[in-house]
Amino acid sequence: MASAAPEMLAAADKVETNTVTVNPYKWEGPYAEYRTRQKALHDWRLCADLRTNWLGHCERLILRTREIIGYETGFLYDDHFPPSEPEGRGKNYRHIPFEWKVVRPGKELFAECAVPQKGRFSIRLTARADCVDIHLTVRNDMRQAMENADWAFCAVALESPSLADSEDSRTYLFDGERLLTLAEIAGRDVNLYKVAGANGFIPVGHRALPLGPVEAKASVVIIEGVDGAHSAALGFEQADHIYGDAKGNKCFHADPYFGPLIKPGEERGLRGRLYLINGNAEEALKRYRHDFGI
């Protein structure tokens with residue numbers, strides 16, 4: 001896996017035109033109401049509320065930072081109520097609620113979460129001028145190897161009209177030559193796009209979903225704002241698949257990939273960034289490639 005460029009923190013702090021804040025999310029507002037109407041409740045306690053000054057006054061992105069954290073045969077964590085995959089990985093799942101530690105209000109959140117007899121995971125979100133640094137870890141405390149660890153990291157734009165993309169016509173992946181919208185590749189239905197470097201991996205819970213005909217060559221998904229002058233992008237050192245949900249949550253994913261195997265007693269870490277930048281989709285891609293040395 002590629003390593004983040006050492007200059008990325010300094011580069012982000014030089015940007016002064018935006019002010020990004022990150023705080024614990026509260027289960028209230030249009031997203032919570034939508035999920036309740038859909039009878040699709042989930043644990044909100046490790047979700048985050050992201051805002052910046054170029055979004056509208058009441059707009060925000062919601063980071064559902066750990067929708068699922070699992071491996072080939074089980075879950076470390078599943079936020080769904082009731083659990084997903086009830087006849088598979090969720091059959092014997094017992095939910096443990098975790099909450100954020102607010103390290104610096106508006107600036108830094110952290111959670112370290114122990115799952116008895118299985119392992120642990122941690123999440124740290126640190127706000128910069130125009131992005132949020134993401135640091136994830138997964139530890140295997142089982143006697144056997146943890147195969148195909150998967151982490152669903154969901155960025156929800158339902159409460160952000162400046163970004164929400166109901167047609168997938170402003171949601172992009174990079175095919176190695178140019179940015180393509182998901183709509184021009186396969187329309188607005190949910191399709192999964194494999195990412196180069198992840199060995200073709202698709203998590204257990206998504207293997208029944210259709211695959212798009214393009215492989216992304218960068219581990220980043222980008223939504224260009226309605227005004228064409230701002231963008232959001234979610235990228236990691238390595239992702240396993242990219243997709244967007246234009247019809248539902250207005251969410252976008254570039255889910256982090258931890259490799260095919262985490263050995264007993266091993267902890268694996270991965271870094272990412274959620275960008276909220278002044279600039280179009282091309283500028284967001286340039287920023288991601290610069291920061292992650294890709």
# chains A, B, ... in the order shown; residues from 1 in each chain; ligands from 1
call {"tool": "residues_around", "arguments": {"residues": "Tyr25 (chain A)", "least_positions_apart": "3", "cutoff": "12 Å", "atoms": "only C-alpha atoms", "output": "number ranges by chain"}}
result
A: 21-22, 28-29, 31-32, 43-51, 60-65, 99-100, 102, 106, 109, 156
call {"tool": "select_by_dssp", "arguments": {"residues": "region 56-236 of chain A", "states": "helix (DSSP H, G or I)", "output": "mmCIF file with N, CA and C atoms, in the first residue's frame"}}
result
data_model
loop_
_atom_site.group_PDB
_atom_site.id
_atom_site.type_symbol
_atom_site.label_atom_id
_atom_site.label_comp_id
_atom_site.auth_asym_id
_atom_site.auth_seq_id
_atom_site.Cartn_x
_atom_site.Cartn_y
_atom_site.Cartn_z
ATOM 1 N N LEU A 182 -19.915 8.654 -12.333
ATOM 2 C CA LEU A 182 -20.550 7.344 -12.203
ATOM 3 C C LEU A 182 -21.738 7.224 -13.147
ATOM 4 N N ALA A 183 -22.423 8.353 -13.399
ATOM 5 C CA ALA A 183 -23.572 8.324 -14.304
ATOM 6 C C ALA A 183 -23.161 7.969 -15.728
ATOM 7 N N GLU A 184 -22.054 8.517 -16.210
ATOM 8 C CA GLU A 184 -21.645 8.229 -17.592
ATOM 9 C C GLU A 184 -21.124 6.811 -17.742
ATOM 10 N N ILE A 185 -20.700 6.206 -16.641
ATOM 11 C CA ILE A 185 -20.226 4.822 -16.717
ATOM 12 C C ILE A 185 -21.403 3.847 -16.716
ATOM 13 N N ALA A 186 -22.336 4.034 -15.781
ATOM 14 C CA ALA A 186 -23.383 3.010 -15.607
ATOM 15 C C ALA A 186 -24.708 3.564 -15.114
ATOM 16 N N VAL A 204 -17.810 -9.079 1.822
ATOM 17 C CA VAL A 204 -18.841 -10.113 1.828
ATOM 18 C C VAL A 204 -20.230 -9.531 1.580
ATOM 19 N N GLY A 205 -20.587 -8.476 2.307
ATOM 20 C CA GLY A 205 -21.936 -7.940 2.241
ATOM 21 C C GLY A 205 -22.287 -7.260 0.942
ATOM 22 N N HIS A 206 -21.307 -7.026 0.072
ATOM 23 C CA HIS A 206 -21.551 -6.339 -1.196
ATOM 24 C C HIS A 206 -21.369 -7.239 -2.420
#
call {"tool": "residues_around", "arguments": {"residues": "Asp168 (chain A)", "least_positions_apart": "2", "cutoff": "7 Å", "atoms": "only C-alpha atoms", "output": "PyMOL selection string"}}
result
chain A and resi 165-166+170-171+181-183+188+246
call {"tool": "residues_around", "arguments": {"residues": "Ile223 (chain A)", "least_positions_apart": "4", "cutoff": "9 Å", "atoms": "only C-alpha atoms", "output": "list in words"}}
result
Leu163, Ala164, Asp165, Asp168, Ser169, Arg170, Thr171, Tyr172, His230, Ser231, Ala232, Ala233, Leu234, Phe252, Asn280 and Ala281 of chain A
